[in-house]
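**Q** Quick one: this structure, given as structure tokens, is what I'll be asking you about.
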Amino acid sequence: MNRWLERALNIQPGDLGRGVPLSACLFLTISAYVIGKVARDALFLTQFSAVELPYADIASGFLVGFVVALYLHVGRRTSLTKLRVGSPLFFAFTSAVFWLLSHYSRPAWLYPIFYVWVGMFGVLAPTQVWTLANYLLTTREAKRIFGMVGGGGITGWIFGGYLSRIIAHAFGTESLLLAMAVLLVLCSVLMAVAARGGRVRPEFANDAAAGVSGTGQRNLRDSIRSVFSSAYLRAIAAVICISSFATTLTGWQFKAVVKQFSVGKDSMAMFFGDFYFYAGVLALLFQLLLTTRLLRRFGIGPILYVLPLLVLAGSAGLLVWGSVAAALFLKGGDQIVRYSIDRSTIELLYLPLPNRLKLQAKWFIDTVVWRVGDGLAGVVVLIFASRLGWTAQQISWIASLLVLGWIAAVYVAGKQYVVVLQESISQHRLDAEHASTLALDRSTAEVLAKTILSSDSKEILYALSLFEVERERAPHPVIRGLLNHPFAEVRQKAIAILSAVGDGSVRPAIEKLMKDPDAGVRTEAMLYLVYHAHVDPLTLLSEVGDYADFSVRSAVAAYLARPGEAQNIETSRQILIGMLHESGEDGERTRLELARLLGELPDAFDPLLATLLRDPSGAVVREAIRSVGALQKLSLASSLLEFLGSSEFCTEAAEALAKLGDRVVNLLEKEVGNASSPIETRRLIPSILVNIGTPEATRVILDNLLE
């Protein structure tokens with residue numbers, strides 16, 4: 001079942017075990033937060049009027065700085081595990097206390113305090129899960145697993161809305177506080193599982209390196225300095241603050257209208273629960289079906305305008321009609337787009353920043369800056385609604401003015417994004433692994449295309465390395481023009497990218513490159529024609545004549561070994577044997593290509609891999625070890641065990657052994673208990689068993705604790 005799910009989610013073996021606990025943590029956290037929002041709004045509006053909500057929003061905006069400062073202070077004096085496990089337990093305990101008070105005594109101060117408390121929980125709890133994920137996952141792992149974790153958050157939003165309605169209808173609104181406590185206890189348990197089961201990233205080997213347990217924060221002063229020292233980060237902060245200001249204001253309008261047309265706290269709780277449920281479902285559909293397509297078609301700049309324009313339209317509708325339907329459109333549009341299209345676009349704004357600065361600034365903006373916007377909205381409502389008597393409908397005038405400021409901030413941020421992105425590319429700060437965590441949007445693609453048009457071959461190759469992450473889509477037209485570039489390395493890279501996306505329009509141009517004077521270009525041209533034009537490489541081999549080299553032979557052997565009408569294992573074997581015994585100046589490069597190729601071919605060439613494992617070249621041996629793991633060659637497991645004692649090859653050997661799964665567990669059990677084996681070898685075996693992760697591997701670890 002695990003293997004089937006990993007294939008369905010397009011993740012690697014072992015990713016499911018790392019991703020599921022984190023995804024479940026975010027699922028439970030967001031579910032608890034939604035339930036808390038439903039309960040706080042219904043309970044507060046039952047006891048107080050809507051015009052008194054601003055006091056709670058102002059208190060949230062004012063207190064968030066102190067709460068974050070306290071969190072940072074505690075974080076510097078405790079470990080990651082204690083902080084991540086203790087925080088949900090603390091929130092669960094306080095939620096249970098609120099439930100007891102609401103069930104038995106109901107003091108007048110309870111619901112305002114609970115309202116502010118939910119706001120503080122919403123600031124810290126989701127951020128904790130994401131910082132834990134950053135703490136445990138490498139960039140490569142995050143690229144594969146973050147989608148799964150984010151999916152847990154959206155499904156948690158849906159589940160929280162649905163559960164709120166069920167509980168409020170069956171047991172009353174106050175029971176939501178107890179349900180919240182139960183979910184947070186479960187979240188604390190999963191946090192412990194995720195923290196203990198994960199491997200801490202090397203750069204975060206101690207909390208001092210990571211700031212406060214992975215957040216990158218030392219204190220609020222450093223956080224403020226990191227944001228306000230950069231014009232680009234100030235622009236992002238302005239977008240977040242004004243958007244929070246405007247959406248909190250429209251959120252107050254929504255609650256005020258619901259209060260006007262609802263009777264009783266339970267009916268309000270069920271209404272809010274239904275709202276969050278359906279909004280969550282639509283947000284999920286938008287995220288899956290529209291977000292990536294819109295970003296690739298229009299780019300970051302235009303997409304940043306979607307939410308403010310939608311809020312402007314909703315405010316105008318509420319101003320004209322003042323009905324519940326108009327309020328639903330206003331808040332629903334905000335809720336759906338903000339947590340799908342707009343959220344992904346905002347995340348892309350951080351793409352050009354260095355990882356450390358991104359982690360530090362984003363954490364501060366998502367906590368303190370966001371809640372400052374909430375507080376400002378509370379001040380506006382307090383002045384205009386409480387003091388001047390404006391209705392929720394009239395507040396739309398102010399919301400509309402705020403949206404105009406929001407649009408101006410978006411314009412500045414979009415312009416700054418292009419400038420910072422160009423600077424990052426020119427300084428090679430934007431690496432392909434970083435870029436691949438999110439799809440390249442149109443704005444980024446256009447900047448890279450301009451870089452490709454430069455005359456510097458190094459800049460062109462760097463830009464192409466970033467384009468290479470977009471293998472699932474058609475290439476940018478500018479790449480096709482590089483097939484005639486004067487630098488051979490650029491021509492070679494362009495062919496590789498066009499081949500990866502299966503661009504058939506360039507076949508005539510690539511056929512001409514079969515006689516290119518550079519061997520690397522001929523190699524890529526050969527591979528392109530073999531894989532995409534279905535050309536027999538033996539025919540191509542006769543045409544290139546004196547230009548034949550190891551890569552051409554590699555393509556021929558791969559073609560003949562592949563199942564189908566043209567399959568000829570024996571001829572392929574003879575070509576590969578010839579490559580194995582290649583000597584002279586290109587001998588090592590030929591054997592290296594052979595070692596790589598064997599891991600991709602059908603398992604029909606046993607003696608060749610065993611020979612390559614004894615090659616005098618370390619690079620060849622390393623590639624041969626990887627191929628043993630790719631083919632899951634149990635017959636060569638003993639050879640891999642010998643490499644565990646070598647500092648040069650131990651990492652590759654351990655990874656290859658783990659890929660053999662349960663079949664190698666008995667061999668590892670004998671080795672770990674063999675006192676005559678090198679201690680370096682035996683020390684690595686427990687981690688290999690952990691990576692295998694099956695019940696049989698667990699049994700071996702438990703049976704050999706003394707060893």
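We name chains A, B, ... following the order of the structure tokens; residues begin at 1 in each chain, and ligands are numbered from 1 as shown.
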Residues within 12 Å of Val690 of chain A, please, as an mmCIF file with N, CA, C and O atoms, in the first residue's frame. Count only C-alpha atoms; anything in the same chain fewer than 4 positions from it doesn't count.
**A**
data_model
loop_
_atom_site.group_PDB
_atom_site.id
_atom_site.type_symbol
_atom_site.label_atom_id
_atom_site.label_comp_id
_atom_site.auth_asym_id
_atom_site.auth_seq_id
_atom_site.Cartn_x
_atom_site.Cartn_y
_atom_site.Cartn_z
ATOM 1 N N GLY A 14 10.092 6.144 1.179
ATOM 2 C CA GLY A 14 10.469 6.780 2.447
ATOM 3 C C GLY A 14 9.837 8.136 2.658
ATOM 4 O O GLY A 14 9.711 8.595 3.799
ATOM 5 N N GLY A 17 6.600 8.136 4.845
ATOM 6 C CA GLY A 17 6.806 8.082 6.286
ATOM 7 C C GLY A 17 7.179 9.417 6.881
ATOM 8 O O GLY A 17 6.847 9.715 8.033
ATOM 9 N N GLY A 197 11.101 10.929 14.539
ATOM 10 C CA GLY A 197 11.313 10.062 13.385
ATOM 11 C C GLY A 197 12.061 10.728 12.255
ATOM 12 O O GLY A 197 12.523 10.062 11.338
ATOM 13 N N GLY A 198 12.190 12.065 12.295
ATOM 14 C CA GLY A 198 12.849 12.767 11.207
ATOM 15 C C GLY A 198 14.332 12.938 11.439
ATOM 16 O O GLY A 198 14.831 12.820 12.542
ATOM 17 N N ARG A 199 15.016 13.200 10.333
ATOM 18 C CA ARG A 199 16.449 13.477 10.393
ATOM 19 C C ARG A 199 16.638 14.987 10.337
ATOM 20 O O ARG A 199 16.183 15.644 9.401
ATOM 21 N N ALA A 654 25.217 2.705 1.560
ATOM 22 C CA ALA A 654 24.104 2.630 2.512
ATOM 23 C C ALA A 654 22.776 2.884 1.805
ATOM 24 O O ALA A 654 21.776 2.205 2.061
ATOM 25 N N GLU A 655 22.738 3.865 0.906
ATOM 26 C CA GLU A 655 21.502 4.145 0.172
ATOM 27 C C GLU A 655 21.119 2.977 -0.724
ATOM 28 O O GLU A 655 19.938 2.621 -0.838
ATOM 29 N N LEU A 657 21.896 -0.238 -0.304
ATOM 30 C CA LEU A 657 21.435 -1.351 0.526
ATOM 31 C C LEU A 657 20.002 -1.125 1.005
ATOM 32 O O LEU A 657 19.203 -2.065 1.059
ATOM 33 N N ALA A 658 19.676 0.101 1.363
ATOM 34 C CA ALA A 658 18.317 0.393 1.834
ATOM 35 C C ALA A 658 17.283 0.117 0.746
ATOM 36 O O ALA A 658 16.155 -0.295 1.043
ATOM 37 N N LYS A 659 17.663 0.304 -0.519
ATOM 38 C CA LYS A 659 16.730 0.070 -1.620
ATOM 39 C C LYS A 659 16.415 -1.413 -1.807
ATOM 40 O O LYS A 659 15.430 -1.761 -2.462
ATOM 41 N N GLY A 661 15.511 -3.406 0.510
ATOM 42 C CA GLY A 661 14.358 -3.712 1.342
ATOM 43 C C GLY A 661 14.539 -4.942 2.214
ATOM 44 O O GLY A 661 15.652 -5.271 2.649
ATOM 45 N N ASP A 662 13.457 -5.635 2.461
ATOM 46 C CA ASP A 662 13.455 -6.784 3.373
ATOM 47 C C ASP A 662 14.400 -7.902 2.946
ATOM 48 O O ASP A 662 14.851 -8.688 3.777
ATOM 49 N N VAL A 665 17.649 -7.722 4.844
ATOM 50 C CA VAL A 665 17.596 -7.564 6.299
ATOM 51 C C VAL A 665 18.359 -8.682 7.014
ATOM 52 O O VAL A 665 19.100 -8.438 7.973
ATOM 53 N N LEU A 668 22.032 -8.035 6.885
ATOM 54 C CA LEU A 668 22.407 -6.939 7.784
ATOM 55 C C LEU A 668 22.378 -7.395 9.240
ATOM 56 O O LEU A 668 23.210 -6.961 10.046
ATOM 57 N N LEU A 684 26.894 1.784 10.663
ATOM 58 C CA LEU A 684 25.983 2.304 9.645
ATOM 59 C C LEU A 684 24.728 1.457 9.475
ATOM 60 O O LEU A 684 23.727 1.921 8.931
ATOM 61 N N ILE A 685 24.774 0.207 9.935
ATOM 62 C CA ILE A 685 23.665 -0.711 9.668
ATOM 63 C C ILE A 685 22.349 -0.269 10.319
ATOM 64 O O ILE A 685 21.285 -0.356 9.686
ATOM 65 N N PRO A 686 22.337 0.218 11.582
ATOM 66 C CA PRO A 686 21.047 0.665 12.145
ATOM 67 C C PRO A 686 20.358 1.733 11.305
ATOM 68 O O PRO A 686 19.140 1.676 11.114
ATOM 69 N N THR A 694 10.671 -1.391 7.523
ATOM 70 C CA THR A 694 9.631 -2.420 7.547
ATOM 71 C C THR A 694 9.567 -3.060 8.933
ATOM 72 O O THR A 694 10.485 -2.912 9.747
ATOM 73 N N PRO A 695 8.497 -3.803 9.230
ATOM 74 C CA PRO A 695 8.440 -4.513 10.525
ATOM 75 C C PRO A 695 9.616 -5.457 10.740
ATOM 76 O O PRO A 695 10.106 -5.591 11.867
ATOM 77 N N GLU A 696 10.080 -6.112 9.676
ATOM 78 C CA GLU A 696 11.216 -7.026 9.815
ATOM 79 C C GLU A 696 12.480 -6.257 10.188
ATOM 80 O O GLU A 696 13.264 -6.691 11.046
ATOM 81 N N ALA A 697 12.687 -5.092 9.569
ATOM 82 C CA ALA A 697 13.844 -4.263 9.916
ATOM 83 C C ALA A 697 13.747 -3.763 11.354
ATOM 84 O O ALA A 697 14.747 -3.706 12.077
ATOM 85 N N THR A 698 12.533 -3.426 11.784
ATOM 86 C CA THR A 698 12.322 -2.993 13.173
ATOM 87 C C THR A 698 12.677 -4.113 14.147
ATOM 88 O O THR A 698 13.307 -3.872 15.190
ATOM 89 N N ARG A 699 12.277 -5.328 13.793
ATOM 90 C CA ARG A 699 12.593 -6.480 14.661
ATOM 91 C C ARG A 699 14.090 -6.648 14.827
ATOM 92 O O ARG A 699 14.588 -6.881 15.941
ATOM 93 N N VAL A 700 14.839 -6.497 13.742
ATOM 94 C CA VAL A 700 16.291 -6.665 13.811
ATOM 95 C C VAL A 700 16.911 -5.604 14.721
ATOM 96 O O VAL A 700 17.801 -5.894 15.519
ATOM 97 N N ILE A 701 16.423 -4.366 14.612
ATOM 98 C CA ILE A 701 16.946 -3.296 15.478
ATOM 99 C C ILE A 701 16.677 -3.628 16.947
ATOM 100 O O ILE A 701 17.558 -3.517 17.806
ATOM 101 N N LEU A 702 15.448 -4.045 17.253
ATOM 102 C CA LEU A 702 15.082 -4.344 18.644
ATOM 103 C C LEU A 702 15.845 -5.556 19.180
ATOM 104 O O LEU A 702 16.212 -5.596 20.357
#
**Q** Neighbouring residues of Pro517 of chain A were defined as those with any atom within 10 Å, considering only C-alpha atoms; residues of the same chain fewer than 4 positions away were excluded. Please report them as a ChimeraX atom specification.
**A** /A:488,513,521-522,547
**Q** Between A:Met180, A:Ala325, A:Ala269, A:Leu282, which is the closest to Ile154 of chain A once you count only C-alpha atoms?
**A**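 Looking at the shortest contact to Ile154 of chain A, the residue is A:Leu282.
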